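Structure data (PDB, C-alpha atoms) from protein33.pdb:
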```
ATOM      1  CA  MET E 977      27.416 152.500 107.882
ATOM      2  CA  GLU E 978      24.751 155.195 107.897
ATOM      3  CA  TRP E 979      21.797 154.483 105.593
ATOM      4  CA  LEU E 980      19.470 156.952 103.926
ATOM      5  CA  LEU E 981      15.901 155.779 103.371
ATOM      6  CA  LYS E 982      13.388 156.838 100.767
ATOM      7  CA  LYS E 983       9.842 155.592 100.237
ATOM      8  CA  THR E 984       8.207 156.459  96.933
ATOM      9  CA  GLU E 985       6.100 154.847  94.208
ATOM     10  CA  PHE E 986       6.934 153.484  90.787
ATOM     11  CA  ASP E 987       4.301 152.213  88.351
ATOM     12  CA  GLY E 988       1.713 152.581  91.126
ATOM     13  CA  LEU E 989       3.540 150.285  93.553
ATOM     14  CA  PRO E 990       5.569 151.187  96.626
ATOM     15  CA  LEU E 991       9.318 151.448  96.070
ATOM     16  CA  HIS E 992      11.496 151.445  99.176
ATOM     17  CA  LEU E 993      15.116 152.482  98.763
ATOM     18  CA  ARG E 994      18.054 152.312 101.147
ATOM     19  CA  ARG E 995      21.433 153.649 100.237
ATOM     20  CA  PRO E 996      24.654 154.203 102.149
ATOM     21  CA  ASN E 997      25.450 157.803 102.934
ATOM     22  CA  TYR E 998      28.723 157.957 101.018
ATOM     23  CA  GLU E 999      30.559 161.258 101.222
ATOM     24  CA  ASN E1000      31.409 160.988  97.509
ATOM     25  CA  ILE E1001      30.366 157.773  95.783
ATOM     26  CA  TRP E1002      31.791 159.001  92.457
ATOM     27  CA  GLU E1003      35.350 158.508  93.757
ATOM     28  CA  PHE E1004      34.833 154.758  93.215
ATOM     29  CA  LYS E1005      33.690 155.069  89.590
ATOM     30  CA  ASN E1006      37.024 154.249  87.907
ATOM     31  CA  GLU E1007      37.823 151.330  90.204
ATOM     32  CA  TYR E1008      34.452 149.557  90.204
ATOM     33  CA  THR E1009      33.063 149.054  86.705
ATOM     34  CA  GLU E1010      30.872 145.981  87.050
ATOM     35  CA  LEU E1011      27.203 146.415  87.978
ATOM     36  CA  ILE E1012      26.169 143.534  90.222
ATOM     37  CA  CYS E1013      22.615 142.820  91.302
ATOM     38  CA  VAL E1014      21.563 140.114  93.733
ATOM     39  CA  THR E1015      17.804 139.640  93.699
ATOM     40  CA  HIS E1016      15.954 137.945  96.528
ATOM     41  CA  VAL E1017      12.374 137.030  95.608
ATOM     42  CA  PHE E1018      10.239 137.167  98.756
ATOM     43  CA  GLU E1019       8.332 134.199 100.126
ATOM     44  CA  SER E1020       5.635 136.292 101.851
ATOM     45  CA  VAL E1021       4.325 139.522 100.370
ATOM     46  CA  MET E1022       1.335 141.790 100.698
ATOM     47  CA  GLU E1023      -0.806 142.674  97.669
ATOM     48  CA  ASN E1024       1.391 145.718  96.990
ATOM     49  CA  GLY E1025       4.541 143.581  96.678
ATOM     50  CA  LEU E1026       6.138 144.610  99.964
ATOM     51  CA  PRO E1027       7.179 141.835 102.337
ATOM     52  CA  ILE E1028       4.881 141.003 105.227
ATOM     53  CA  THR E1029       6.243 142.798 108.303
ATOM     54  CA  GLU E1030       6.985 139.680 110.360
ATOM     55  CA  TYR E1031       8.726 138.053 107.414
ATOM     56  CA  ASN E1032      10.710 141.211 106.651
ATOM     57  CA  GLU E1033      12.025 141.263 110.222
ATOM     58  CA  THR E1034      13.501 137.781 109.703
ATOM     59  CA  LEU E1035      15.609 139.124 106.812
ATOM     60  CA  ILE E1036      17.757 141.561 108.835
ATOM     61  CA  ASP E1037      20.679 139.159 109.259
ATOM     62  CA  PHE E1038      20.377 137.969 105.653
ATOM     63  CA  ASP E1039      20.593 141.582 104.422
ATOM     64  CA  GLY E1040      23.756 142.086 106.434
ATOM     65  CA  GLU E1041      25.269 138.849 105.163
ATOM     66  CA  ILE E1042      24.769 139.787 101.507
ATOM     67  CA  ILE E1043      26.293 143.223 102.026
ATOM     68  CA  GLU E1044      29.283 141.812 103.915
ATOM     69  CA  LYS E1045      29.997 139.000 101.439
ATOM     70  CA  PHE E1046      29.929 141.167  98.333
ATOM     71  CA  GLN E1047      32.032 143.965  99.827
ATOM     72  CA  THR E1048      34.818 141.744 101.190
ATOM     73  CA  GLU E1049      38.436 142.472 100.354
ATOM     74  CA  ASN E1050      37.579 145.755  98.615
ATOM     75  CA  ASN E1051      36.004 143.924  95.681
ATOM     76  CA  GLY E1052      33.068 146.297  95.532
ATOM     77  CA  ILE E1053      30.654 148.670  97.210
ATOM     78  CA  ILE E1054      26.940 148.492  97.801
ATOM     79  CA  PHE E1055      25.127 151.572  96.590
ATOM     80  CA  LEU E1056      21.442 150.659  96.766
ATOM     81  CA  ILE E1057      18.985 148.227  98.302
ATOM     82  CA  GLU E1058      15.692 148.331  96.473
ATOM     83  CA  THR E1059      12.472 146.700  97.708
ATOM     84  CA  PHE E1060       9.833 146.559  94.994
ATOM     85  CA  GLY E1061       7.338 144.211  93.400
ATOM     86  CA  GLY E1062       7.864 141.188  95.634
ATOM     87  CA  ALA E1063      11.653 141.254  95.676
ATOM     88  CA  ARG E1064      14.651 142.960  97.203
ATOM     89  CA  ARG E1065      17.552 143.886  94.958
ATOM     90  CA  TYR E1066      21.019 144.547  96.319
ATOM     91  CA  TRP E1067      22.967 146.732  93.888
ATOM     92  CA  PHE E1068      26.762 146.834  93.948
ATOM     93  CA  TYR E1069      29.539 148.168  91.807
ATOM     94  CA  GLY E1070      32.579 145.923  91.789
ATOM     95  CA  LYS E1071      35.887 145.099  90.199
ATOM     96  CA  LYS E1072      36.003 142.906  87.134
ATOM     97  CA  SER E1073      36.527 139.385  88.436
ATOM     98  CA  ASN E1074      34.911 136.006  88.763
ATOM     99  CA  SER E1075      34.712 136.228  92.550
ATOM    100  CA  PHE E1076      31.130 137.546  92.564
ATOM    101  CA  SER E1077      29.803 134.385  90.923
ATOM    102  CA  ASN E1078      31.681 132.293  93.487
ATOM    103  CA  ILE E1079      30.364 134.399  96.380
ATOM    104  CA  PHE E1080      26.845 134.110  94.997
ATOM    105  CA  GLU E1081      27.060 130.328  94.633
ATOM    106  CA  SER E1082      28.290 130.071  98.227
ATOM    107  CA  LEU E1083      25.348 132.200  99.372
ATOM    108  CA  LYS E1084      22.886 130.006  97.466
ATOM    109  CA  ARG E1085      24.325 126.845  99.031
ATOM    110  CA  LYS E1086      24.026 128.357 102.509
ATOM    111  CA  HIS E1087      20.418 129.513 101.898
ATOM    112  CA  PRO E1088      18.836 126.881  99.618
ATOM    113  CA  ASN E1089      15.335 127.906 100.748
ATOM    114  CA  LYS E1090      15.717 131.440  99.344
ATOM    115  CA  GLU E1091      15.017 132.256  95.703
ATOM    116  CA  LEU E1092      18.103 134.199  94.597
ATOM    117  CA  GLU E1093      19.291 135.520  91.245
ATOM    118  CA  LEU E1094      22.553 137.145  90.149
ATOM    119  CA  ASP E1095      23.107 139.570  87.304
ATOM    120  CA  ILE E1096      26.494 141.053  86.402
ATOM    121  CA  GLN E1097      27.150 143.478  83.575
ATOM    122  CA  ASN E1098      29.698 146.076  82.644
ATOM    123  CA  ASP E1099      28.704 149.637  83.540
ATOM    124  CA  ASP E1100      31.972 151.583  83.508
ATOM    125  CA  GLY E1101      30.077 154.840  82.928
ATOM    126  CA  TRP E1102      27.804 154.186  85.920
ATOM    127  CA  GLY E1103      24.784 154.683  83.693
ATOM    128  CA  PHE E1104      22.566 152.750  86.074
ATOM    129  CA  ILE E1105      22.849 155.417  88.777
ATOM    130  CA  LYS E1106      22.579 158.243  86.262
ATOM    131  CA  GLU E1107      19.451 156.812  84.594
ATOM    132  CA  TYR E1108      17.666 155.437  87.664
ATOM    133  CA  PRO E1109      14.054 156.736  87.756
ATOM    134  CA  VAL E1110      14.541 158.217  91.246
ATOM    135  CA  GLU E1111      17.458 160.528  92.088
ATOM    136  CA  LEU E1112      19.916 158.492  94.132
ATOM    137  CA  TYR E1113      23.069 160.617  94.415
TER     138      TYR E1113
END
```
Will you turn the file into structure tokens for me?
Amino acid sequence: MEWLLKKTEFDGLPLHLRRPNYENIWEFKNEYTELICVTHVFESVMENGLPITEYNETLIDFDGEIIEKFQTENNGIIFLIETFGGARRYWFYGKKSNSFSNIFESLKRKHPNKELELDIQNDDGWGFIKEYPVELY
């Protein structure tokens, strides 16, 4: 998957964005109506909220694992990874189901040393992307 990167600021803090280079993300809008966010609160951050470089490098495999687990069996797509304010948020759109809670609980059991949070809400109009403070798509 090709990723597009953008570094900007929000509320005076650095905001680092990664998003897949989808040819047309809007083709998934009718199929994936649930907005899913997995938040990973960092253990080691600089004053500006970004992870310390050495620590960030240890998260490469973890990033890949989250993406893989939440996109399995065509349950959803990742559309944004946001690093801001001491945390990394993995944003997905997915099908309505209970599988995301189960996947998340499995992830938490495998990584008990990581502070993780899950938020799921309906967003069938994809308002999150449309209203995001930085143009994404």
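For Leu1026 in chain E, the set of protein, DNA and RNA residues having any atom at most 9 Å away, when counting only C-alpha atoms and skipping those fewer than 3 positions along the same chain, is E:Leu989, E:Pro990, E:Leu991, E:His992, E:Phe1018, E:Ser1020, E:Val1021, E:Met1022, E:Glu1023, E:Thr1029, E:Asn1032, E:Thr1059, E:Phe1060, E:Gly1061, E:Gly1062, E:Ala1063.
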What would the file look like if the residues just selected were written as a PDB file, keeping the file's coordinate frame with C-alpha atoms?
```pdb
ATOM      1  CA  LEU E 989       3.540 150.285  93.553  1.00  0.00           C
ATOM      2  CA  PRO E 990       5.569 151.187  96.626  1.00  0.00           C
ATOM      3  CA  LEU E 991       9.318 151.448  96.070  1.00  0.00           C
ATOM      4  CA  HIS E 992      11.496 151.445  99.176  1.00  0.00           C
ATOM      5  CA  PHE E1018      10.239 137.167  98.756  1.00  0.00           C
ATOM      6  CA  SER E1020       5.635 136.292 101.851  1.00  0.00           C
ATOM      7  CA  VAL E1021       4.325 139.522 100.370  1.00  0.00           C
ATOM      8  CA  MET E1022       1.335 141.790 100.698  1.00  0.00           C
ATOM      9  CA  GLU E1023      -0.806 142.674  97.669  1.00  0.00           C
ATOM     10  CA  THR E1029       6.243 142.798 108.303  1.00  0.00           C
ATOM     11  CA  ASN E1032      10.710 141.211 106.651  1.00  0.00           C
ATOM     12  CA  THR E1059      12.472 146.700  97.708  1.00  0.00           C
ATOM     13  CA  PHE E1060       9.833 146.559  94.994  1.00  0.00           C
ATOM     14  CA  GLY E1061       7.338 144.211  93.400  1.00  0.00           C
ATOM     15  CA  GLY E1062       7.864 141.188  95.634  1.00  0.00           C
ATOM     16  CA  ALA E1063      11.653 141.254  95.676  1.00  0.00           C
TER      17      ALA E1063
END
```
Tell me, as a PyMOL selection string, which residues lie within 10 Å of Glu978 in chain E, counting all atoms listed in the file; anything in the same chain fewer than 4 positions away does not count.
-> chain E and resi 994-998
So which residues fall inside 8 Å of (12.4, 132.9, 101.9) if we count only C-alpha atoms? Mind giving them as a list in words?
-> Val1017, Phe1018, Glu1019, Ser1020, Asn1089, Lys1090 and Glu1091 of chain E
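Note that the spacing between CA of Leu980 in chain E and CA of Val1014 in chain E amounts to 19.8 Å.
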What's the 12 Å shell around Glu1041 in chain E, counting only C-alpha atoms, without same-chain residues fewer than 3 positions away, as JSON, numbers by chain?
-> {"E": [1035, 1036, 1037, 1038, 1044, 1045, 1046, 1047, 1048, 1066, 1079, 1080, 1082, 1083, 1084, 1086, 1087]}
For the residues selected in the previous step, produce a file with C-alpha atoms as a tab-separated table (two decimals), keeping the file's coordinate frame.
```tsv
chain	number	residue	atom	x	y	z
E	1035	LEU	CA	15.61	139.12	106.81
E	1036	ILE	CA	17.76	141.56	108.84
E	1037	ASP	CA	20.68	139.16	109.26
E	1038	PHE	CA	20.38	137.97	105.65
E	1044	GLU	CA	29.28	141.81	103.92
E	1045	LYS	CA	30.00	139.00	101.44
E	1046	PHE	CA	29.93	141.17	98.33
E	1047	GLN	CA	32.03	143.96	99.83
E	1048	THR	CA	34.82	141.74	101.19
E	1066	TYR	CA	21.02	144.55	96.32
E	1079	ILE	CA	30.36	134.40	96.38
E	1080	PHE	CA	26.84	134.11	95.00
E	1082	SER	CA	28.29	130.07	98.23
E	1083	LEU	CA	25.35	132.20	99.37
E	1084	LYS	CA	22.89	130.01	97.47
E	1086	LYS	CA	24.03	128.36	102.51
E	1087	HIS	CA	20.42	129.51	101.90
```
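Nearest residue to Arg1064 in chain E, choosing from E:Gly1052, E:Gly1101, E:Pro1088, E:Gly1025 and counting only C-alpha atoms: E:Gly1025.
The coordinates place CA of Asp1100 in chain E at 20.0 Å from CA of Arg1065 in chain E.
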Computed interatomic separation between CA of Phe1068 in chain E and CA of Leu1094 in chain E (Å) | 11.2 Å
Ile1096 in chain E environment, 12 Å, only C-alpha atoms, sequence neighbours closer than 2 positions dropped, as a PyMOL selection string = chain E and resi 1009-1015+1066-1077+1080+1093-1094+1098-1099
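When only C-alpha atoms are used to measure the gap to Ile1105 in chain E, the shortest distance among E:Ile1043, E:Phe1055, E:Ile1028, E:Tyr1008 belongs to E:Phe1055.
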Counting all atoms listed in the file, what are the residues of range 986-1087 of chain E within 12 Å of range 1106-1109 of chain E, and for each of them which pair of atoms is the nearest and at what distance in Å, to one decimal? Sort the table by chain and rising number, as a Markdown table.
```
| residue | atom | partner | partner_atom | distance |
| --- | --- | --- | --- | --- |
| E:Phe986 | CA | E:Pro1109 | CA | 8.4 |
| E:Asp987 | CA | E:Pro1109 | CA | 10.8 |
| E:Leu991 | CA | E:Pro1109 | CA | 10.9 |
| E:Leu993 | CA | E:Tyr1108 | CA | 11.8 |
| E:Trp1002 | CA | E:Lys1106 | CA | 11.1 |
| E:Leu1056 | CA | E:Tyr1108 | CA | 11.0 |
| E:Glu1058 | CA | E:Tyr1108 | CA | 11.5 |
| E:Trp1067 | CA | E:Tyr1108 | CA | 11.9 |
```
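Taking all atoms listed in the file into account, Asp1095 in chain E lies nearest to E:His1016 out of the set E:Gly1040, E:His1016, E:Ile1001, E:Glu1049.
Residue nearest Ile1053 in chain E, chosen from E:Met977, E:Lys982, E:Asn1078, E:Leu1112 and counting all atoms listed in the file: E:Met977.
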Using 5 Å of padding on each side, determine the axis-aligned box around all atoms of range 1050-1065 of chain E present in the file and give its centre and edge lengths in Å to one decimal, as AutoDock Vina command-line options.
```
--center_x 22.5 --center_y 146.4 --center_z 96.0 --size_x 40.2 --size_y 20.4 --size_z 15.2
```
